[in-house]
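Participant: Here's a structure for you.
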Number of protein chains: 2
Amino acid sequence: VDYQHVQVPFEITLWIMLASLAKIGFHLYNKLPSVVPESCLLIFVGLIMGGIIYGLNDKSPPVMDSDIFFLYLLPPIVLDAGYFMPSRPFFENIGTILLYAVVGTIWNVFGIGFSLYGICQVKAFQLQDVSLLHNLLFGSLIAAVDPVAVLAVFEEIHVNEKLHILVFGESLLNDAVTVVLYKLFRSFCEMPTIKTVDIFAGVGKFFVVGLGGVLVGLIFGMTAAFTTRFTKDIRVIEPLFVFLYSYLSYLTAEMFHLSGIVAIIACAMGMKRYVEANISLKSHTTVKYFMKMWSSVSDTLIFIFLGVSTIGENHEWNWPYICFTVIFCLIWRALGVLVLTFFVNRSHVNTITGKDQFIIAYGGLRGAICFSLVFLLPDFHRKKLFIAATTVVILFTVFIQGMTIRPLVDLLAVKRKRESAPTVGEQIHIRFLDHLLAGIEDISGHWGQYYWKDKLEYFNSKYLQKILLREYDQPKSSIVLLYEKLERKHAIELAEAGQLGHAPSHPSLLNNDKTVITDKTLEDTLNSDVLENIQEILARNLYRIRRTGPAYNRHTLPGETEPVEHAKEILILRHKNL
Amino acid sequence: VDYQHVQVPFEITLWIMLASLAKIGFHLYNKLPSVVPESCLLIFVGLIMGGIIYGLNDKSPPVMDSDIFFLYLLPPIVLDAGYFMPSRPFFENIGTILLYAVVGTIWNVFGIGFSLYGICQVKAFQLQDVSLLHNLLFGSLIAAVDPVAVLAVFEEIHVNEKLHILVFGESLLNDAVTVVLYKLFRSFCEMPTIKTVDIFAGVGKFFVVGLGGVLVGLIFGMTAAFTTRFTKDIRVIEPLFVFLYSYLSYLTAEMFHLSGIVAIIACAMGMKRYVEANISLKSHTTVKYFMKMWSSVSDTLIFIFLGVSTIGENHEWNWPYICFTVIFCLIWRALGVLVLTFFVNRSHVNTITGKDQFIIAYGGLRGAICFSLVFLLPDFHRKKLFIAATTVVILFTVFIQGMTIRPLVDLLAVKRKRESAPTVGEQIHIRFLDHLLAGIEDISGHWGQYYWKDKLEYFNSKYLQKILLREYDQPKSSIVLLYEKLERKHAIELAEAGQLGHAPSHPSLLNNDKTVITDKTLEDTLNSDVLENIQEILARNLYRIRRTGPAYNRHTLPGETEPVEHAKEILILRHKNL
């Protein structure tokens, strides 16, 4: 046996296999995922595995390597999040999201840092050796809400779109702030004296890191769109470019110490519409499917590793410090949300309700990013205490908050996501209002979001589309697209009302005379024998009514394309009957 | 800039990007790929890149790492080959393929080894220090026909299916022989004395390595099929299992020194029909597309690396040895094919013609496997000579033989692959004859392929399907499937004859009255103005007649599913008109 030779790929494959099998296992029992979030169960599997490794080897199991996390596990999840980001609610709430992400995160960092420093001054707790700077550094890594954890919980509770995008958008965009503050405090820790100029330089870095990330992302996104113009003759490698360019944008941003998360999101959101127009339908299915698959596996691996890494002897236990960390995390987040929302609500007509505020505050889950950052800390004598506190905060938020948020959402009767897609009338009205508001803004001289959206759309159709799209000269007019959509919808409704008859594979083909028409209006006039027969046919042939999946669900692809496939099947059936 | 941190993934991504862009570049000019095989062009790109690296650094560019090749680049290509292997021609010719792969390869190894040893005895050539064992070792690595090179050339020349499967099947299955002989001679080189028992042990290893590979592959394949029974609730990770299990089979086989190539092919062929039945249509599209994409990229990288590795100072030039290597490779292969085909033809009704024999002999291309094996040789003073000889043989076969084989196929008028799929009548007749022959074989007591096929089919439907398939109780009867196929075909034919009318997106929707019917039979009665209009509509709406792609083409997915999609589009159009 030559295990050495194949060790690396073999072990990676086995880990992925374990993660996939764990996922299948949970979904075998339908009740389990509906009570406990998958993330909790995965951490639990990780804890058991870590315990087994610890028991067998009598030493701490390997902790999750921060490099592996940031270079290989995180990008697929963020790419998936960015690619399937519903752009309309995101841009409508961009101001609020940025406020939460930037001001809110800074508020949390300093709040947690200073109050923990206060705790350290109490002599009874034996924590006097933890300096203010170390507390702030710890605050900077523990304050950031984690996109992976948020996604894992929120995609299962289906709150309304605005609430979702506020929490999720914040968790993604706070990366820029976290990167800056964490690196700033870490370099301060190593500096002998801190000058005022260093602090100002730190503030300037926010903009460089955030906007630089956006710029890098957009450049790679546009290049990706441009590249897919030329793949007509070689369709099989089309999906590759989506992944290659977005990964390159992430790596490039990381290389220049910019925010990789922001870059990959900008890249994915920028390229999406052009790439979709350029590549074939099958390539697009592959892109979507593979992205979902990959992010799903990454996510599973992260939670399992999180569990495994928890076991071991990396921890220094100090009750007061750990308890107060959890308490301060909760308090400062709640205060931050309250104060910021107060200002947001003053300038918006569509306010954030009290219930929503509670869910925003309560949904501030911490996850693997904090965990990786705490292991990246330079060695100092209280590092193990920080690791223990971080682990407890993560487990507390994922287990306690993650498991109680669903009952709370039910209890508070938080507004849910609407299950059905907007009707044609609504869509037309929304578009009409957009144009109207853009006009009003233009006349009134108030350059708000509608004005900029209109300008951007103009710039897009005038220049970008010509460069980035393969067939830019003859875009299908939207009215035709709408008509096709209506036709498909009609076909589905017909099928669901049972007017389509049956597939030829059905055994009742033999007694065909009885079962030609299955219209519901005829039910009353038919005798019970025929009715039974009809019901049987309906049960066999009726298409399960598929709900439109929530926008971020990682287990299923968005419902968008399903009705089309669905309609095709129905049309083929109908054609046969004709 | 922190390049160190992201170096590994960044460089890998860039290499893949280069490979993909090179591929796009070739296909931008349609004439280029039709004259020169892609593999030649890629090696050429590699040579240029190697030259640039050599010129800039003034030292040899890095050679392709054998581990990277065997562990990461080769498996996707072999998986693709195995998964899309047309099983009927493969099993029909399995005897001939095994004869070529086993006896033919041994013949070549010893032929080339001994005759090169003869050349080494000529004093003028200054090669007396190359021992017989080293020559045999060299023979064992240079004799094997390379599946990657064969695939790259043969998928573009579209010879008939039997010829294709003979060359391609041989190139895949000779791996078991190559592995055994290569390792045997290498261990002999390190042994002080060779006993007779070692030689017999070597012969026994053939069976262990080959059959062991098949066994490992089948076990993993069946496990994969079994696993996909339980993925109903979590569709997104379905495609993953196909890749994970086949990769594990390859790694496991390599770990036990069995033939990884044979294992992965057995795994892919074994699981295919069960996995396809279990997973969703979209998952299947993703599997197929991703497999094609991955193998296409691997293949591109291999040829580029081959080019890059050629440049440098790893070579020791010795005209006679290198020239005679090329000559002996050609002669022994030609002789081997002639002799073996003589025996094959004696026991078959459907003989291999002289032209086919020539193409089999001429299609024996060498590629990256030889190249990786020669770098894996233990260090001895003539290693560089072997590297030079191997490089020359690969470049000679890929460039000279690869570029001339297409004109030769044209010139000799070798029987081509039939472009159209078999008709329904043919399919029914084939199946009928299979059953008939199985019956005849059973009665006559001759247990040939039909007998075993029948038994296997019985075993499959009686036991395997029940264990491995999710819904084994209600398989669609084949007559219904046939009917659906016919319906679709009919729809396509209608569309191609222009009887379907037009999509509503067409501008002539405005003057609708003129262009309602576009039947060809009406053309004579219509005036020229209307005719022009009709022709325009036809040109716009007529579906391009898509040819069924050749079975192994790595650039496109097999045509199988296209007509279905195609039919769906047409049916939707037709429905709209109704």
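In the structure tokens, chains take letters A, B, ... by order of appearance, with residues numbered from 1 within each chain and ligands from 1 in the order shown.
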If we count only C-alpha atoms, what is near Ala143 (chain B) at a cut-off of 10 Å, once residues fewer than 4 positions away on the same chain are taken out, given as number ranges by chain?

Facilitator: B: 104-113, 138-139, 174, 178, 328-329, 332-333, 364-366, 370

Participant: Smallest atom-to-atom distance to chain A: which of B:Gln7, B:Ser461, B:Thr423, B:Gln126, using only C-alpha atoms?

Facilitator: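 Ranked by minimum distance to chain A, first place goes to B:Gln7.
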
Participant: Would you mind listing what lies within 10 Å of Leu151 (chain B) as a VMD selection string, with only C-alpha atoms counted and same-chain residues fewer than 3 positions away left out?

Facilitator: chain B and resid 39 77 81 146 to 148 154 to 156 164 167 to 168 171 299 365 552 to 554

Participant: Grab the residues selected above and save them as a tab-separated table (two decimals), in the first residue's frame with N, CA and C atoms.

Facilitator:
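And here's out08.tsv as it stands now:
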```tsv
chain	number	residue	atom	x	y	z
B	39	SER	N	-4.32	19.48	-30.39
B	39	SER	CA	-3.19	19.07	-29.55
B	39	SER	C	-1.88	19.65	-30.07
B	77	ILE	N	-9.88	13.20	-17.57
B	77	ILE	CA	-9.97	12.79	-18.97
B	77	ILE	C	-10.44	11.35	-19.06
B	81	ALA	N	-13.85	9.84	-20.64
B	81	ALA	CA	-13.81	8.78	-21.65
B	81	ALA	C	-14.66	7.59	-21.22
B	146	ASP	N	-1.19	6.34	-26.05
B	146	ASP	CA	-1.69	7.27	-25.04
B	146	ASP	C	-3.15	7.64	-25.29
B	147	PRO	N	-4.03	7.41	-24.31
B	147	PRO	CA	-5.46	7.72	-24.55
B	147	PRO	C	-5.73	9.20	-24.81
B	148	VAL	N	-4.99	10.07	-24.12
B	148	VAL	CA	-5.24	11.51	-24.29
B	148	VAL	C	-4.92	11.95	-25.71
B	154	PHE	N	-8.47	11.43	-32.71
B	154	PHE	CA	-9.56	10.64	-33.30
B	154	PHE	C	-10.93	11.29	-33.17
B	155	GLU	N	-11.11	12.15	-32.16
B	155	GLU	CA	-12.43	12.77	-32.05
B	155	GLU	C	-12.65	13.79	-33.15
B	156	GLU	N	-11.59	14.12	-33.86
B	156	GLU	CA	-11.76	15.09	-34.94
B	156	GLU	C	-11.87	14.45	-36.32
B	164	HIS	N	-12.62	3.23	-34.23
B	164	HIS	CA	-12.39	4.14	-33.12
B	164	HIS	C	-12.23	3.38	-31.80
B	167	VAL	N	-8.87	1.39	-31.39
B	167	VAL	CA	-7.68	2.17	-31.04
B	167	VAL	C	-7.82	2.76	-29.64
B	168	PHE	N	-8.99	3.33	-29.38
B	168	PHE	CA	-9.19	4.03	-28.13
B	168	PHE	C	-9.26	3.06	-26.95
B	171	SER	N	-5.84	1.94	-26.10
B	171	SER	CA	-5.04	2.94	-25.41
B	171	SER	C	-5.43	3.05	-23.94
B	299	ASP	N	-6.98	18.26	-20.55
B	299	ASP	CA	-6.36	17.90	-21.81
B	299	ASP	C	-5.54	19.07	-22.36
B	365	LEU	N	-0.60	6.84	-31.25
B	365	LEU	CA	0.09	8.05	-30.81
B	365	LEU	C	0.60	7.90	-29.38
B	552	TYR	N	-17.22	10.73	-29.03
B	552	TYR	CA	-16.18	11.09	-28.05
B	552	TYR	C	-15.81	12.56	-28.07
B	553	ASN	N	-16.47	13.35	-28.86
B	553	ASN	CA	-16.03	14.73	-28.99
B	553	ASN	C	-16.03	15.44	-27.65
B	554	ARG	N	-14.90	16.04	-27.31
B	554	ARG	CA	-14.80	16.68	-26.02
B	554	ARG	C	-15.30	18.12	-26.03
```

Participant: Quick one: of A:Leu433, A:Leu71, A:Ala266, A:Ala201, who's nearest to chain B, counting only C-alpha atoms?

Facilitator: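 Comparing A:Leu433, A:Leu71, A:Ala266, A:Ala201 against chain B, the winner is A:Leu71.
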
Participant: Find the residues near Leu258 (chain A): any atom within 9 Å, counting only C-alpha atoms, skip ones fewer than 5 places away on the same chain, and give them as JSON, numbers by chain.

Facilitator: {"A": [176, 179, 180, 208, 209, 210, 211, 212, 213, 216, 252, 253, 263]}

Participant: So which bits of region 228-460 of chain A end up alpha helix (DSSP H) when you DSSP the backbone, as a ChimeraX atom specification?

Facilitator: /A:238-255,260-278,281-310,319-346,354-362,368-375,383-395,402-412,424-444,449-459

Participant: In Å to one decimal, how far is CA of Ile68 (chain B) from CA of Tyr182 (chain B)?

Facilitator: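 So the two atoms, CA of Tyr182 (chain B) and CA of Ile68 (chain B), lie 19.2 Å apart.
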
Participant: Skip Tyr321 (chain A) itself and residues of its chain fewer than 3 positions away, then list as a ChimeraX atom specification all residues within 12 Å of it, counting only C-alpha atoms.

Facilitator: /A:112-113,115-122,124-128,130,135,138,316-318,324-328,382,385-390,392-393

Participant: Please provide the set of residues having any atom within 10 Å of Thr353 (chain B), restricted to only C-alpha atoms, with same-chain residues fewer than 6 positions apart removed, written as a list in words.

Facilitator: Leu163, Thr341, Asn345 and Val414 of chain B

Participant: Kindly indicate which residue among B:Thr391, B:Thr404, B:Gln357, B:Asn30 lies nearest to chain A, using only C-alpha atoms for the distances.

Facilitator: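 Nearest candidate to chain A out of B:Thr391, B:Thr404, B:Gln357, B:Asn30: B:Asn30.
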